[in-house]
Amino acid sequence: MSNLLSSLSKTIHASLALAILLFIGLFYLNGGFAFDTLFWSWLFRYIHVIVAIMWIGLLWYFNFVQIPNMGKIPDDQKPAIGKVIAPAALFYFRWAAALTVLSGLVLALLNGYLHDAMTLSIGSGIPKHTAIGIGMWLGVIMAFNVWFVIWPNQKRALGIVDCEPELKVKSAKTAMLFSRTNTLLSLPMLLSMVAAQNLY
(Lines give C-alpha, C1' and ligand atoms only; values in the text may rest on other atoms or scores of the structure.)
Protein backbone atom coordinates (compact mmCIF):
# COMPACT_ATOMS: atom_id res chain seq x y z
CA MET A 1 0.00 0.00 0.00
CA SER A 2 2.88 2.36 0.81
CA ASN A 3 4.28 1.75 -2.70
CA LEU A 4 0.93 2.75 -4.22
CA LEU A 5 0.54 5.89 -2.12
CA SER A 6 4.17 6.97 -2.54
CA SER A 7 3.52 7.68 -6.22
CA LEU A 8 0.98 10.34 -7.22
CA SER A 9 0.61 8.71 -10.64
CA LYS A 10 -0.15 5.29 -9.11
CA THR A 11 -2.54 6.87 -6.59
CA ILE A 12 -4.50 8.69 -9.32
CA HIS A 13 -4.63 5.54 -11.49
CA ALA A 14 -5.89 3.53 -8.50
CA SER A 15 -8.49 6.20 -7.72
CA LEU A 16 -9.66 6.11 -11.35
CA ALA A 17 -9.83 2.30 -11.24
CA LEU A 18 -11.92 2.43 -8.03
CA ALA A 19 -14.23 4.99 -9.63
CA ILE A 20 -14.68 2.75 -12.71
CA LEU A 21 -15.39 -0.28 -10.51
CA LEU A 22 -17.92 1.76 -8.55
CA PHE A 23 -19.52 2.94 -11.78
CA ILE A 24 -19.78 -0.67 -13.06
CA GLY A 25 -21.31 -1.75 -9.75
CA LEU A 26 -23.86 1.05 -9.83
CA PHE A 27 -24.53 0.27 -13.48
CA TYR A 28 -25.49 -3.34 -12.71
CA LEU A 29 -27.36 -2.50 -9.48
CA ASN A 30 -29.50 -0.17 -11.55
CA GLY A 31 -30.24 -2.88 -14.11
CA GLY A 32 -28.02 -1.11 -16.62
CA PHE A 33 -28.73 2.15 -18.38
CA ALA A 34 -28.46 3.53 -21.87
CA PHE A 35 -25.47 5.50 -23.03
CA ASP A 36 -27.77 8.33 -24.01
CA THR A 37 -27.93 12.08 -23.37
CA LEU A 38 -28.59 11.45 -19.67
CA PHE A 39 -25.39 9.40 -19.41
CA TRP A 40 -23.26 11.98 -21.25
CA SER A 41 -24.79 14.74 -19.14
CA TRP A 42 -23.80 12.83 -15.99
CA LEU A 43 -20.27 12.21 -17.33
CA PHE A 44 -19.68 15.88 -18.18
CA ARG A 45 -21.11 16.96 -14.81
CA TYR A 46 -18.64 14.59 -13.12
CA ILE A 47 -15.76 16.00 -15.16
CA HIS A 48 -17.01 19.55 -14.50
CA VAL A 49 -17.03 18.99 -10.74
CA ILE A 50 -13.57 17.38 -10.71
CA VAL A 51 -11.83 20.15 -12.66
CA ALA A 52 -13.79 22.87 -10.81
CA ILE A 53 -12.56 21.48 -7.47
CA MET A 54 -8.99 21.63 -8.80
CA TRP A 55 -9.49 25.21 -10.06
CA ILE A 56 -11.21 26.74 -7.05
CA GLY A 57 -9.08 24.69 -4.65
CA LEU A 58 -5.92 26.18 -6.14
CA LEU A 59 -7.48 29.66 -6.23
CA TRP A 60 -8.16 29.38 -2.52
CA TYR A 61 -4.71 27.86 -1.89
CA PHE A 62 -3.10 30.92 -3.49
CA ASN A 63 -5.30 33.37 -1.56
CA PHE A 64 -5.62 31.65 1.81
CA VAL A 65 -2.18 30.02 2.05
CA GLN A 66 0.53 31.14 -0.38
CA ILE A 67 0.01 34.91 -0.70
CA PRO A 68 -0.60 35.61 3.03
CA ASN A 69 2.44 33.57 4.06
CA MET A 70 5.01 34.73 1.50
CA GLY A 71 6.14 37.51 3.82
CA LYS A 72 6.97 34.93 6.52
CA ILE A 73 9.29 32.93 4.26
CA PRO A 74 13.00 33.85 4.48
CA ASP A 75 14.31 35.46 1.29
CA ASP A 76 16.73 32.62 0.60
CA GLN A 77 13.82 30.13 0.58
CA LYS A 78 11.44 32.15 -1.62
CA PRO A 79 12.93 30.86 -4.90
CA ALA A 80 11.56 27.40 -4.02
CA ILE A 81 8.05 28.86 -4.16
CA GLY A 82 8.62 31.14 -7.15
CA LYS A 83 10.61 28.71 -9.28
CA VAL A 84 9.07 25.34 -8.36
CA ILE A 85 5.76 25.41 -6.45
CA ALA A 86 4.01 28.40 -8.04
CA PRO A 87 4.69 27.47 -11.70
CA ALA A 88 3.43 23.91 -11.10
CA ALA A 89 0.34 25.16 -9.26
CA LEU A 90 -0.34 27.74 -12.00
CA PHE A 91 -0.19 25.02 -14.67
CA TYR A 92 -2.99 23.03 -13.01
CA PHE A 93 -4.78 26.26 -12.08
CA ARG A 94 -5.10 27.62 -15.61
CA TRP A 95 -5.91 24.31 -17.30
CA ALA A 96 -8.48 23.44 -14.65
CA ALA A 97 -10.09 26.84 -15.30
CA ALA A 98 -10.25 26.16 -19.05
CA LEU A 99 -11.63 22.63 -18.60
CA THR A 100 -14.19 23.82 -16.04
CA VAL A 101 -15.62 26.34 -18.51
CA LEU A 102 -15.47 23.91 -21.44
CA SER A 103 -17.13 21.02 -19.57
CA GLY A 104 -19.75 23.41 -18.17
CA LEU A 105 -20.64 24.65 -21.65
CA VAL A 106 -20.88 21.07 -22.97
CA LEU A 107 -23.04 20.14 -19.98
CA ALA A 108 -25.38 23.09 -20.60
CA LEU A 109 -25.58 22.16 -24.29
CA LEU A 110 -26.40 18.51 -23.52
CA ASN A 111 -29.12 19.58 -21.08
CA GLY A 112 -30.60 22.04 -23.56
CA TYR A 113 -30.21 25.28 -21.61
CA LEU A 114 -26.95 26.71 -23.01
CA HIS A 115 -28.50 29.58 -24.98
CA ASP A 116 -31.10 30.39 -22.34
CA ALA A 117 -28.49 30.42 -19.55
CA MET A 118 -26.00 32.51 -21.51
CA THR A 119 -28.73 35.09 -22.15
CA LEU A 120 -29.70 34.90 -18.43
CA SER A 121 -33.11 33.61 -19.50
CA ILE A 122 -34.14 37.04 -20.76
CA GLY A 123 -37.25 36.37 -22.80
CA SER A 124 -38.09 32.95 -21.42
CA GLY A 125 -37.99 33.94 -17.75
CA ILE A 126 -36.91 30.57 -16.33
CA PRO A 127 -35.36 31.34 -12.90
CA LYS A 128 -33.24 28.17 -12.89
CA HIS A 129 -31.63 29.20 -16.17
CA THR A 130 -31.06 32.73 -14.87
CA ALA A 131 -29.29 31.34 -11.80
CA ILE A 132 -27.09 28.91 -13.71
CA GLY A 133 -26.44 31.62 -16.32
CA ILE A 134 -25.14 34.01 -13.66
CA GLY A 135 -22.84 31.26 -12.41
CA MET A 136 -21.67 30.49 -15.93
CA TRP A 137 -20.90 34.12 -16.72
CA LEU A 138 -19.03 34.55 -13.44
CA GLY A 139 -17.03 31.40 -14.31
CA VAL A 140 -16.24 32.76 -17.78
CA ILE A 141 -15.07 36.09 -16.30
CA MET A 142 -12.92 34.26 -13.75
CA ALA A 143 -11.38 31.99 -16.41
CA PHE A 144 -10.70 35.04 -18.59
CA ASN A 145 -8.89 36.63 -15.63
CA VAL A 146 -6.83 33.46 -15.16
CA TRP A 147 -5.67 33.18 -18.76
CA PHE A 148 -5.42 36.81 -19.87
CA VAL A 149 -4.51 38.73 -16.70
CA ILE A 150 -3.22 36.49 -13.90
CA TRP A 151 -1.07 34.11 -15.97
CA PRO A 152 0.69 36.78 -18.13
CA ASN A 153 1.43 38.84 -15.03
CA GLN A 154 2.56 35.82 -13.02
CA LYS A 155 5.00 34.90 -15.78
CA ARG A 156 6.66 38.29 -15.33
CA ALA A 157 6.40 38.23 -11.52
CA LEU A 158 7.96 34.76 -11.26
CA GLY A 159 10.72 35.52 -13.76
CA ILE A 160 9.45 33.03 -16.36
CA VAL A 161 9.50 35.99 -18.75
CA ASP A 162 12.27 38.57 -18.41
CA CYS A 163 11.26 42.13 -17.61
CA GLU A 164 12.38 45.22 -15.72
CA PRO A 165 12.27 45.00 -11.89
CA GLU A 166 9.61 47.73 -11.70
CA LEU A 167 7.35 45.83 -14.12
CA LYS A 168 7.96 42.62 -12.16
CA VAL A 169 6.70 44.26 -8.95
CA LYS A 170 3.73 45.82 -10.77
CA SER A 171 2.88 42.48 -12.41
CA ALA A 172 2.93 40.67 -9.04
CA LYS A 173 0.47 43.20 -7.63
CA THR A 174 -1.81 42.99 -10.69
CA ALA A 175 -1.82 39.16 -10.54
CA MET A 176 -2.64 39.28 -6.83
CA LEU A 177 -5.49 41.79 -7.29
CA PHE A 178 -7.09 39.73 -10.07
CA SER A 179 -6.63 36.56 -8.05
CA ARG A 180 -8.45 38.33 -5.20
CA THR A 181 -11.12 39.42 -7.70
CA ASN A 182 -11.65 35.76 -8.60
CA THR A 183 -11.82 34.88 -4.90
CA LEU A 184 -14.44 37.62 -4.49
CA LEU A 185 -16.48 36.15 -7.37
CA SER A 186 -16.04 32.51 -6.31
CA LEU A 187 -18.73 32.35 -3.61
CA PRO A 188 -21.43 34.09 -5.72
CA MET A 189 -20.49 31.83 -8.64
CA LEU A 190 -20.77 28.68 -6.53
CA LEU A 191 -24.00 29.92 -4.94
CA SER A 192 -25.56 30.43 -8.38
CA MET A 193 -24.49 26.98 -9.55
CA VAL A 194 -25.78 25.20 -6.44
CA ALA A 195 -28.98 27.27 -6.34
CA ALA A 196 -29.78 26.33 -9.93
CA GLN A 197 -29.46 22.64 -9.04
CA ASN A 198 -31.28 22.71 -5.71
CA LEU A 199 -33.66 25.68 -5.33
CA TYR A 200 -35.64 25.38 -8.58
# chains A, B, ... in the order shown; residues from 1 in each chain; ligands from 1
call {"tool": "select_by_dssp", "arguments": {"residues": "chain A", "states": "alpha helix (DSSP H)", "output": "ChimeraX atom specification"}}
result
/A:2-6,8-29,37-61,67-69,78-80,86-110,114-118,127-145,151-157,165-198
call {"tool": "atom_distance", "arguments": {"atom1": "atom CA of Leu107 of chain A", "atom2": "atom CA of Phe178 of chain A"}}
result
27.1 Å
call {"tool": "closest_residue", "arguments": {"among": "A:Ala96, A:Ser192, A:Pro87, A:Ile122", "to": "Leu158 of chain A", "atoms": "only C-alpha atoms"}}
result
A:Pro87
call {"tool": "closest_residue", "arguments": {"among": "A:Val65, A:Met189, A:Leu110, A:Ile126", "to": "Phe39 of chain A", "atoms": "only C-alpha atoms"}}
result
A:Leu110
call {"tool": "closest_residue", "arguments": {"among": "A:Asn198, A:Leu185, A:Leu120, A:Tyr92", "to": "Trp147 of chain A", "atoms": "only C-alpha atoms"}}
result
A:Tyr92
call {"tool": "closest_residue", "arguments": {"among": "A:Ile132, A:Leu102, A:Leu5, A:Met118", "to": "Leu191 of chain A", "atoms": "only C-alpha atoms"}}
result
A:Ile132
call {"tool": "atom_distance", "arguments": {"atom1": "atom CA of Pro152 of chain A", "atom2": "atom CA of Asn69 of chain A"}}
result
22.5 Å
